[in-house]
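Asks: For reference, this is structure14.csv, and it has CSV, C-alpha atoms.
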chain,number,residue,atom,x,y,z
P,1,MET,CA,1.9,9.0,-6.9
P,2,SER,CA,-1.3,8.7,-8.8
P,3,VAL,CA,-4.5,6.8,-7.9
P,4,HIS,CA,-7.6,5.5,-9.7
P,5,LEU,CA,-10.9,6.5,-8.2
P,6,ASP,CA,-14.0,4.4,-8.8
P,7,PRO,CA,-16.0,6.5,-11.4
P,8,HIS,CA,-19.3,4.9,-10.4
P,9,ARG,CA,-18.9,5.6,-6.7
P,10,LEU,CA,-17.6,9.1,-7.3
P,11,GLY,CA,-20.7,9.8,-9.5
P,12,TYR,CA,-22.9,8.4,-6.8
P,13,GLU,CA,-21.3,10.5,-4.1
P,14,LEU,CA,-21.7,13.7,-6.2
P,15,ALA,CA,-25.3,12.8,-7.0
P,16,VAL,CA,-26.4,12.4,-3.4
P,17,ARG,CA,-24.9,15.7,-2.6
P,18,CYS,CA,-26.6,17.3,-5.6
P,19,MET,CA,-23.1,18.4,-6.8
P,20,SER,CA,-21.9,18.7,-10.4
P,21,HIS,CA,-18.4,17.9,-11.7
P,22,HIS,CA,-17.9,21.7,-12.1
P,23,ALA,CA,-19.1,22.5,-8.6
P,24,LEU,CA,-16.6,19.9,-7.3
P,25,ALA,CA,-13.8,21.5,-9.3
P,26,LYS,CA,-14.6,24.9,-7.8
P,27,LYS,CA,-14.8,23.6,-4.3
P,28,THR,CA,-11.5,21.7,-4.6
P,29,GLY,CA,-9.7,24.3,-6.6
P,30,LEU,CA,-8.9,21.6,-9.2
P,31,SER,CA,-9.5,21.9,-12.9
P,32,ASP,CA,-12.5,20.5,-14.7
P,33,ALA,CA,-10.1,18.2,-16.6
P,34,THR,CA,-8.7,16.8,-13.3
P,35,ILE,CA,-12.2,16.1,-12.0
P,36,SER,CA,-13.2,14.5,-15.4
P,37,ALA,CA,-10.2,12.2,-15.4
P,38,PRO,CA,-11.6,9.5,-13.0
P,39,PHE,CA,-14.8,9.4,-15.1
P,40,ALA,CA,-12.7,8.5,-18.1
P,41,GLY,CA,-10.7,5.9,-16.2
P,42,ARG,CA,-7.6,8.0,-15.9
P,43,PRO,CA,-5.6,8.3,-12.6
P,44,ILE,CA,-5.2,11.5,-10.7
P,45,ALA,CA,-2.6,12.7,-8.3
P,46,GLU,CA,-2.9,11.5,-4.8
P,47,VAL,CA,-3.1,15.1,-3.5
P,48,SER,CA,-6.0,15.7,-5.9
P,49,ALA,CA,-7.8,12.7,-4.6
P,50,GLU,CA,-7.3,13.9,-1.0
P,51,LEU,CA,-8.9,17.3,-2.0
P,52,ILE,CA,-11.9,15.5,-3.5
P,53,CYS,CA,-12.3,13.3,-0.4
P,54,HIS,CA,-12.1,16.3,1.9
P,55,VAL,CA,-14.9,18.1,-0.1
P,56,LEU,CA,-17.1,15.0,-0.1
P,57,GLU,CA,-16.5,14.4,3.6
P,58,THR,CA,-17.5,18.0,4.5
P,59,THR,CA,-20.4,18.4,2.1
P,60,PRO,CA,-23.6,17.0,3.6
P,61,VAL,CA,-25.6,14.4,1.8
P,62,ASN,CA,-29.0,15.4,0.6
P,63,GLU,CA,-31.0,12.7,2.4
P,64,PHE,CA,-34.1,13.1,0.2
P,65,MET,CA,-31.9,12.7,-3.0
P,66,LYS,CA,-30.3,9.7,-1.4
P,67,LYS,CA,-33.7,8.1,-1.0
P,68,LEU,CA,-34.6,8.9,-4.6
P,69,ILE,CA,-31.4,7.4,-5.9
P,70,GLY,CA,-31.2,4.5,-3.6
P,71,PRO,CA,-28.1,2.9,-2.1
P,72,TYR,CA,-24.9,2.6,-4.0
P,73,VAL,CA,-24.7,-0.6,-6.0
P,74,PRO,CA,-21.4,-1.3,-7.6
P,75,PRO,CA,-21.5,-2.3,-11.3
P,76,PRO,CA,-21.2,-6.0,-12.0
P,77,ALA,CA,-17.7,-7.4,-12.5
P,78,GLU,CA,-16.9,-8.5,-16.1
P,79,GLY,CA,-18.8,-11.6,-16.8
P,80,GLU,CA,-21.1,-11.2,-13.8
P,81,ALA,CA,-24.9,-11.0,-14.2
P,82,PRO,CA,-26.3,-7.5,-14.0
P,83,ARG,CA,-27.8,-6.4,-10.7
P,84,GLY,CA,-31.1,-4.7,-10.0
P,85,PRO,CA,-31.4,-1.2,-8.5
P,86,ARG,CA,-31.1,-2.6,-5.0
P,87,GLY,CA,-28.2,-4.9,-5.7
P,88,GLU,CA,-30.1,-8.1,-6.2
P,89,GLN,CA,-29.0,-10.4,-9.0
P,90,GLU,CA,-31.2,-10.1,-12.1
P,91,GLY,CA,-31.9,-13.1,-14.2
Show the structure stored in the file as structure tokens.
Replies:
Amino acid sequence: MSVHLDPHRLGYELAVRCMSHHALAKKTGLSDATISAPFAGRPIAEVSAELICHVLETTPVNEFMKKLIGPYVPPPAEGEAPRGPRGEQEG
């Protein structure tokens, strides 16, 4: 079975851990291509997603980086107005 991961959320989770795609690949034992797949909108195997989740769950968040980046704000849905950096509607 394959799953689609949210590329924006995955990028945020890596950023607040100061972790690169390559570092995630090394920690999970997955290939760089597998780690890149969600960022390109491609599905990955469920077992690969579980490995990614395990590494993210066990790698501490850099709290200062999280303050610098701010909270996760999902991208607007198609046709929805853009949001500001804190999630408020722009307009």
Asks: I'd like the neighbourhood of Leu56 in chain P as number ranges by chain, where a residue qualifies if any of its atoms comes within 10 Å (using all atoms listed in the file), though same-chain residues fewer than 3 positions away should be ignored.
Replies: P: 10, 13-14, 17, 19, 24, 27-28, 50-53, 59-61
Asks: Got a sec: who's within 10 Å of Glu63 in chain P, counting all atoms listed in the file, leaving out chain neighbours fewer than 5 positions off, as a ChimeraX atom specification?
Replies: /P:16-17,68-69
Asks: Give me, please, the distance in Å between CA of Pro75 in chain P and CA of Ser2 in chain P, quoted to one decimal.
Replies: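 CA of Pro75 in chain P sits 23.1 Å away from CA of Ser2 in chain P.
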Asks: My list of candidates is P:Tyr12, P:Leu30, P:Ser20, P:Pro7. Which is closest to Val47 in chain P when distances are computed with all atoms listed in the file?
Replies: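 Ranking P:Tyr12, P:Leu30, P:Ser20, P:Pro7 by distance to Val47 in chain P, first place goes to P:Leu30.
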Asks: With only C-alpha atoms as the atoms that count, which of P:Pro71, P:Lys66, P:His8, P:Glu78 lies nearest to Gly41 in chain P?
Replies: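 Nearest to Gly41 in chain P: P:His8.
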Asks: Could you state the separation of CA of Ala33 in chain P and CA of Asp6 in chain P in Å, given to one decimal place?
Replies: 16.3 Å
Asks: I'd like the interatomic distance between CA of His54 in chain P and CA of Gly29 in chain P, to a tenth of an Å.
Replies: 11.9 Å
Asks: What lies within 9 Å of Thr34 in chain P using only C-alpha atoms, ignoring chain neighbours under 4 positions off, as a list in words?
Replies: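 My list of contacting residues is Ala25, Leu30, Pro38, Ile44, Ala45 and Ser48 of chain P.
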